[in-house]
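Student: Sharing data.csv, CSV, C-alpha atoms and all ligand atoms:
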```csv
chain,number,residue,atom,x,y,z
A,197,MET,CA,-31.1,-14.9,-28.2
A,198,GLU,CA,-28.9,-12.3,-26.5
A,199,TYR,CA,-29.5,-9.9,-29.4
A,200,PHE,CA,-33.3,-10.1,-28.9
A,201,MET,CA,-32.9,-9.5,-25.1
A,202,GLU,CA,-30.9,-6.4,-25.8
A,203,ARG,CA,-33.4,-5.3,-28.3
A,204,ARG,CA,-36.2,-5.6,-25.8
A,205,ILE,CA,-34.4,-3.6,-23.2
A,206,TYR,CA,-33.6,-1.0,-25.9
A,207,MET,CA,-37.3,-0.9,-26.8
A,208,ARG,CA,-38.4,-0.5,-23.2
A,209,VAL,CA,-36.0,2.4,-22.7
A,210,LEU,CA,-37.2,4.0,-25.9
A,211,ILE,CA,-40.9,3.7,-24.8
A,212,GLY,CA,-39.9,5.1,-21.4
A,213,PHE,CA,-38.4,8.2,-23.1
A,214,LEU,CA,-41.5,8.5,-25.3
A,215,ILE,CA,-43.8,8.5,-22.3
A,216,ALA,CA,-41.7,11.1,-20.6
A,217,PHE,CA,-41.7,13.2,-23.7
A,218,VAL,CA,-45.6,13.1,-23.8
A,219,PHE,CA,-45.7,14.2,-20.2
A,220,ILE,CA,-43.4,17.1,-20.9
A,221,LEU,CA,-45.5,18.2,-23.8
A,222,ALA,CA,-48.7,18.0,-21.6
A,223,GLY,CA,-46.9,20.1,-19.0
A,224,CYS,CA,-46.0,22.7,-21.7
A,225,SER,CA,-49.6,23.0,-22.9
A,226,GLY,CA,-50.6,23.7,-19.2
A,227,GLU,CA,-48.1,26.5,-19.2
A,228,GLU,CA,-50.1,28.3,-21.9
A,229,ARG,CA,-52.4,29.5,-19.1
A,230,SER,CA,-49.6,31.6,-17.8
A,231,PRO,CA,-49.0,34.4,-18.5
A,232,LEU,CA,-52.6,35.3,-19.2
A,233,LYS,CA,-53.4,38.8,-20.4
A,234,THR,CA,-56.9,40.3,-20.0
A,235,SER,CA,-58.4,43.7,-21.1
A,236,ILE,CA,-60.0,46.0,-18.5
A,237,TYR,CA,-63.0,48.1,-19.4
A,238,ASN,CA,-64.7,51.2,-17.8
A,239,PRO,CA,-68.5,51.6,-17.4
A,240,ASP,CA,-68.7,53.0,-20.9
A,241,ASN,CA,-67.2,49.8,-22.2
A,242,ASP,CA,-64.0,51.5,-23.3
A,243,LYS,CA,-60.8,49.6,-22.8
A,244,ILE,CA,-58.7,51.4,-20.3
A,245,GLY,CA,-56.0,48.9,-19.5
A,246,THR,CA,-54.7,45.4,-19.0
A,247,ALA,CA,-53.9,42.9,-16.3
A,248,THR,CA,-51.3,40.2,-17.0
A,249,LEU,CA,-51.4,37.3,-14.7
A,250,THR,CA,-48.4,35.0,-14.2
A,251,GLU,CA,-48.3,31.9,-12.1
A,252,GLN,CA,-45.2,31.8,-9.9
A,253,PRO,CA,-44.0,29.6,-7.0
A,254,GLU,CA,-45.2,32.3,-4.5
A,255,GLY,CA,-48.6,32.8,-6.1
A,256,VAL,CA,-50.2,34.6,-9.1
A,257,GLU,CA,-48.5,37.9,-10.0
A,258,VAL,CA,-50.8,40.6,-11.4
A,259,GLN,CA,-49.2,43.2,-13.6
A,260,LEU,CA,-51.8,46.0,-13.7
A,261,LYS,CA,-51.8,48.8,-16.2
A,262,VAL,CA,-54.8,51.1,-16.2
A,263,GLU,CA,-55.5,54.7,-17.3
A,264,GLY,CA,-58.3,57.2,-17.0
A,265,LEU,CA,-59.0,56.7,-13.3
A,266,GLU,CA,-59.6,59.4,-10.7
A,267,PRO,CA,-56.2,60.2,-9.1
A,268,GLY,CA,-55.9,58.5,-5.6
A,269,MET,CA,-56.4,55.2,-4.0
A,270,HIS,CA,-58.5,52.4,-5.5
A,271,ALA,CA,-59.5,49.0,-4.3
A,272,VAL,CA,-58.8,46.1,-6.6
A,273,HIS,CA,-60.0,42.5,-6.2
A,274,ILE,CA,-60.6,39.3,-8.0
A,275,HIS,CA,-64.3,38.7,-8.2
A,276,GLU,CA,-66.0,35.3,-8.6
A,277,PHE,CA,-67.5,35.4,-12.1
A,278,PRO,CA,-66.0,36.2,-15.5
A,279,LYS,CA,-68.7,38.6,-16.4
A,280,CYS,CA,-68.2,42.4,-16.8
A,281,GLU,CA,-71.6,43.8,-17.7
A,282,ALA,CA,-71.4,47.6,-17.7
A,283,PRO,CA,-72.1,50.0,-16.2
A,284,ASP,CA,-72.2,48.6,-12.6
A,285,PHE,CA,-70.3,45.3,-13.1
A,286,LYS,CA,-72.5,43.6,-10.5
A,287,SER,CA,-72.4,40.6,-12.8
A,288,ALA,CA,-68.9,39.9,-11.5
A,289,GLY,CA,-70.4,38.7,-8.3
A,290,ASN,CA,-68.7,38.7,-4.9
A,291,HIS,CA,-65.0,38.4,-4.2
A,292,PHE,CA,-63.3,35.2,-5.2
A,293,ASN,CA,-63.4,33.3,-2.0
A,294,PRO,CA,-62.8,29.5,-2.5
A,295,LEU,CA,-61.6,29.1,1.1
A,296,SER,CA,-64.8,30.7,2.7
A,297,LYS,CA,-62.9,33.3,4.7
A,298,ASP,CA,-64.0,36.8,5.7
A,299,HIS,CA,-63.0,39.8,3.6
A,300,GLY,CA,-60.0,41.9,4.3
A,301,LEU,CA,-56.2,41.8,4.3
A,302,MET,CA,-56.2,43.3,7.8
A,303,ASN,CA,-59.0,41.0,9.1
A,304,PRO,CA,-57.8,38.2,11.5
A,305,LYS,CA,-60.5,36.0,9.9
A,306,GLY,CA,-59.5,37.0,6.4
A,307,ALA,CA,-58.8,37.2,3.7
A,308,HIS,CA,-60.5,36.2,0.5
A,309,VAL,CA,-58.1,34.6,-2.0
A,310,GLY,CA,-59.1,37.5,-4.3
A,311,ASP,CA,-58.2,40.3,-1.9
A,312,MET,CA,-55.3,42.6,-2.9
A,313,PRO,CA,-53.7,45.8,-1.6
A,314,ASN,CA,-55.1,49.1,-2.8
A,315,VAL,CA,-53.5,50.7,-5.9
A,316,GLU,CA,-52.8,54.4,-6.4
A,317,ALA,CA,-53.6,56.2,-9.6
A,318,ASP,CA,-51.2,59.1,-10.2
A,319,GLN,CA,-52.1,62.7,-11.1
A,320,SER,CA,-52.8,61.6,-14.7
A,321,GLY,CA,-55.0,58.8,-13.6
A,322,MET,CA,-52.6,56.0,-14.4
A,323,VAL,CA,-51.9,52.9,-12.4
A,324,ASP,CA,-48.8,50.8,-13.4
A,325,THR,CA,-48.0,48.3,-10.7
A,326,LYS,CA,-47.5,44.7,-9.7
A,327,LEU,CA,-49.6,42.9,-7.2
A,328,MET,CA,-49.5,39.4,-5.7
A,329,LEU,CA,-52.2,36.8,-5.0
A,330,PRO,CA,-50.3,34.6,-2.7
A,331,GLU,CA,-53.0,31.9,-2.4
A,332,ALA,CA,-54.2,31.8,-6.0
A,333,LYS,CA,-53.3,29.5,-8.9
A,334,LEU,CA,-53.9,29.8,-12.6
A,335,LYS,CA,-53.9,26.0,-13.3
A,336,GLU,CA,-56.5,23.5,-12.3
A,337,GLY,CA,-57.7,23.4,-8.7
A,338,GLN,CA,-60.0,24.9,-6.2
A,339,LYS,CA,-57.9,28.1,-5.9
A,340,SER,CA,-57.5,28.5,-9.7
A,341,LEU,CA,-58.6,31.9,-11.1
A,342,LEU,CA,-59.6,29.8,-14.2
A,343,ARG,CA,-61.7,27.2,-12.4
A,344,ASP,CA,-65.2,26.8,-13.9
A,345,GLU,CA,-65.5,29.6,-16.5
A,346,GLY,CA,-63.0,31.8,-14.7
A,347,THR,CA,-63.1,35.0,-12.6
A,348,SER,CA,-62.7,38.7,-13.1
A,349,ILE,CA,-60.5,41.6,-11.8
A,350,VAL,CA,-62.5,44.7,-10.6
A,351,LEU,CA,-61.4,48.2,-9.6
A,352,HIS,CA,-63.4,50.4,-7.3
A,353,SER,CA,-64.0,54.1,-6.9
A,354,GLY,CA,-62.7,54.1,-3.3
A,355,GLN,CA,-60.2,52.3,-1.3
A,356,ASP,CA,-60.6,49.0,0.6
A,357,ASP,CA,-60.4,49.5,4.3
A,358,GLY,CA,-59.2,45.9,4.7
A,359,MET,CA,-61.9,45.1,7.3
A,360,THR,CA,-65.5,45.9,6.5
A,361,GLN,CA,-67.7,43.0,5.2
A,362,PRO,CA,-68.2,41.9,2.6
A,363,ALA,CA,-66.0,44.0,0.4
A,364,GLY,CA,-64.0,46.6,2.4
A,365,ASP,CA,-66.4,49.5,1.8
A,366,SER,CA,-64.7,50.1,-1.5
A,367,GLY,CA,-67.4,52.1,-3.3
A,368,ASP,CA,-68.7,51.6,-6.9
A,369,ARG,CA,-67.1,49.2,-9.4
A,370,ILE,CA,-65.5,51.4,-12.0
A,371,ALA,CA,-63.5,48.9,-14.1
A,372,CYS,CA,-63.6,45.2,-14.9
A,373,GLY,CA,-61.6,42.6,-16.8
A,374,ARG,CA,-62.6,39.0,-17.5
A,375,ILE,CA,-60.1,36.4,-16.4
A,376,THR,CA,-60.9,33.4,-18.7
A,377,LEU,CA,-59.3,31.4,-21.4
A,378,LYS,CA,-61.9,32.8,-23.8
A,379,ALA,CA,-60.8,36.4,-23.1
A,380,ASP,CA,-57.3,35.3,-23.9
A,381,GLU,CA,-58.5,34.3,-27.4
A,382,ASP,CA,-60.3,37.7,-27.8
A,383,GLU,CA,-57.1,39.4,-27.0
A,384,THR,CA,-55.2,38.1,-30.0
A,385,SER,CA,-57.8,39.3,-32.4
A,386,ASP,CA,-58.2,42.7,-30.7
A,387,PRO,CA,-55.1,44.9,-31.2
A,388,THR,CA,-56.5,47.7,-29.0
A,389,GLU,CA,-53.2,49.1,-28.0
A,390,PRO,CA,-52.5,51.2,-31.2
A,391,ASP,CA,-56.1,52.5,-31.1
A,392,LYS,CA,-55.7,53.8,-27.7
A,393,LYS,CA,-52.6,55.8,-28.7
A,394,GLN,CA,-54.5,57.3,-31.6
A,395,GLU,CA,-57.3,58.4,-29.3
A,396,SER,CA,-55.0,60.1,-26.8
A,397,ASN,CA,-53.3,62.1,-29.6
B,1,CU,CU,-64.0,44.3,-5.8
B,2,ZN,ZN,-62.6,40.4,-0.3
```
Show me this structure written as structure tokens.
Tutor:
Amino acid sequence: MEYFMERRIYMRVLIGFLIAFVFILAGCSGEERSPLKTSIYNPDNDKIGTATLTEQPEGVEVQLKVEGLEPGMHAVHIHEFPKCEAPDFKSAGNHFNPLSKDHGLMNPKGAHVGDMPNVEADQSGMVDTKLMLPEAKLKEGQKSLLRDEGTSIVLHSGQDDGMTQPAGDSGDRIACGRITLKADEDETSDPTEPDKKQESN
């Protein structure tokens, strides 16, 4: 009798561990969304860089590496649709704005979740920098960059003044990258990095 009691307790503990293990596995598969690497294209549909998005406690970190830009300041935002149709990238829609705020990091009624500080391209036209989206997430939820089909990252010809509606008077859209789990799959079958080095030689 006592033996069976012990056995039942043992089985319960074992089942408890198994359930915990399944939850840990489920958590790990969620982690696959982060980091998420996306390719960035110019209006000629040439790949000119990447953005690597990583979910962190303080928001989503955006590691941005782009070349072939005009030297100087450029606006960069997350836009609402994962569509980068060259040459004008209008398909990306407006700024990602799940909290229905006004545009602009300097705006008291702002900002969009997708608003970021301007980036500076050096004399050779390169940007290599880290940005932060303090309110965004990569996992499920209203503020997830991957909600619905996803979003996009867009660079502009000019800089964002941080105030003007609806997009900071940033000029034309000059580069676009899709932020979606589908783009992530494309990435693995598209080793563009070596190609780019050949082209520049
Ligand atoms: Cu934009
Ligand atoms: Zn905005």
Student: Pick out the residues sitting within 9 Å of stretch 281-290 of chain A, and hand them over as a ChimeraX atom specification; count all atoms listed in the file, and ignore anything fewer than 4 positions along from it in its own chain.
Tutor: /A:237-241,274-277,347-350,362-363,368-372,374
Student: Using all atoms listed in the file, determine which residues lie at most 7 Å from A:Pro294, disregarding the query and same-chain residues fewer than 2 positions distant; provide the list as number ranges by chain.
Tutor: A: 292, 296, 309, 338-339
Student: Mind dumping the selected residues with C-alpha atoms as an mmCIF file, keeping the file's coordinate frame?
Tutor:
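In the end it all went to part_1.cif:
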```cif
data_model
loop_
_atom_site.group_PDB
_atom_site.id
_atom_site.type_symbol
_atom_site.label_atom_id
_atom_site.label_comp_id
_atom_site.auth_asym_id
_atom_site.auth_seq_id
_atom_site.Cartn_x
_atom_site.Cartn_y
_atom_site.Cartn_z
ATOM 1 C CA PHE A 292 -63.300 35.200 -5.200
ATOM 2 C CA SER A 296 -64.800 30.700 2.700
ATOM 3 C CA VAL A 309 -58.100 34.600 -2.000
ATOM 4 C CA GLN A 338 -60.000 24.900 -6.200
ATOM 5 C CA LYS A 339 -57.900 28.100 -5.900
#
```
Student: Using all atoms listed in the file, determine which residues fall within 9 Å of ligand ZN 2 (chain B), then list them as a PyMOL selection string.
Tutor: chain A and resi 273-275+290-293+297-301+306-312+356+358-359+361-364
Student: Grab the residues selected above and save them as a PDB file, in the coordinates of the input with C-alpha atoms.
Tutor:
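File produced: selection_21.pdb:
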```
ATOM      1  CA  HIS A 273     -60.000  42.500  -6.200  1.00  0.00           C
ATOM      2  CA  ILE A 274     -60.600  39.300  -8.000  1.00  0.00           C
ATOM      3  CA  HIS A 275     -64.300  38.700  -8.200  1.00  0.00           C
ATOM      4  CA  ASN A 290     -68.700  38.700  -4.900  1.00  0.00           C
ATOM      5  CA  HIS A 291     -65.000  38.400  -4.200  1.00  0.00           C
ATOM      6  CA  PHE A 292     -63.300  35.200  -5.200  1.00  0.00           C
ATOM      7  CA  ASN A 293     -63.400  33.300  -2.000  1.00  0.00           C
ATOM      8  CA  LYS A 297     -62.900  33.300   4.700  1.00  0.00           C
ATOM      9  CA  ASP A 298     -64.000  36.800   5.700  1.00  0.00           C
ATOM     10  CA  HIS A 299     -63.000  39.800   3.600  1.00  0.00           C
ATOM     11  CA  GLY A 300     -60.000  41.900   4.300  1.00  0.00           C
ATOM     12  CA  LEU A 301     -56.200  41.800   4.300  1.00  0.00           C
ATOM     13  CA  GLY A 306     -59.500  37.000   6.400  1.00  0.00           C
ATOM     14  CA  ALA A 307     -58.800  37.200   3.700  1.00  0.00           C
ATOM     15  CA  HIS A 308     -60.500  36.200   0.500  1.00  0.00           C
ATOM     16  CA  VAL A 309     -58.100  34.600  -2.000  1.00  0.00           C
ATOM     17  CA  GLY A 310     -59.100  37.500  -4.300  1.00  0.00           C
ATOM     18  CA  ASP A 311     -58.200  40.300  -1.900  1.00  0.00           C
ATOM     19  CA  MET A 312     -55.300  42.600  -2.900  1.00  0.00           C
ATOM     20  CA  ASP A 356     -60.600  49.000   0.600  1.00  0.00           C
ATOM     21  CA  GLY A 358     -59.200  45.900   4.700  1.00  0.00           C
ATOM     22  CA  MET A 359     -61.900  45.100   7.300  1.00  0.00           C
ATOM     23  CA  GLN A 361     -67.700  43.000   5.200  1.00  0.00           C
ATOM     24  CA  PRO A 362     -68.200  41.900   2.600  1.00  0.00           C
ATOM     25  CA  ALA A 363     -66.000  44.000   0.400  1.00  0.00           C
ATOM     26  CA  GLY A 364     -64.000  46.600   2.400  1.00  0.00           C
TER      27      GLY A 364
END
```
Student: Give me the residues near A:Met328 as a list in words, where near means some atom within 7 Å (using all atoms listed in the file) and where sequence neighbours in that chain fewer than 4 positions away do not count.
Tutor: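 Near neighbours after the sequence-gap exclusion: Gly255, Val256, Glu257 and Val258 of chain A.
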Student: Now that the selection is made, can you save its residues with C-alpha atoms as a tab-separated table (two decimals), in the frame of the given file?
Tutor:
```tsv
chain	number	residue	atom	x	y	z
A	255	GLY	CA	-48.60	32.80	-6.10
A	256	VAL	CA	-50.20	34.60	-9.10
A	257	GLU	CA	-48.50	37.90	-10.00
A	258	VAL	CA	-50.80	40.60	-11.40
```
Student: When you draw a straight line from atom CA of A:Leu327 to atom CA of A:Ala271, how long is it in Å?
Tutor: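 About the pair atom CA of A:Leu327 and atom CA of A:Ala271: they are 12.0 Å apart.
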Student: Out of A:Ser340, A:Gln259, A:Thr250, A:Thr360, which residue has the shortest atom-to-atom distance to A:Thr325 when counting all atoms listed in the file?
Tutor: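 Among the listed residues, the smallest separation from A:Thr325 belongs to A:Gln259.
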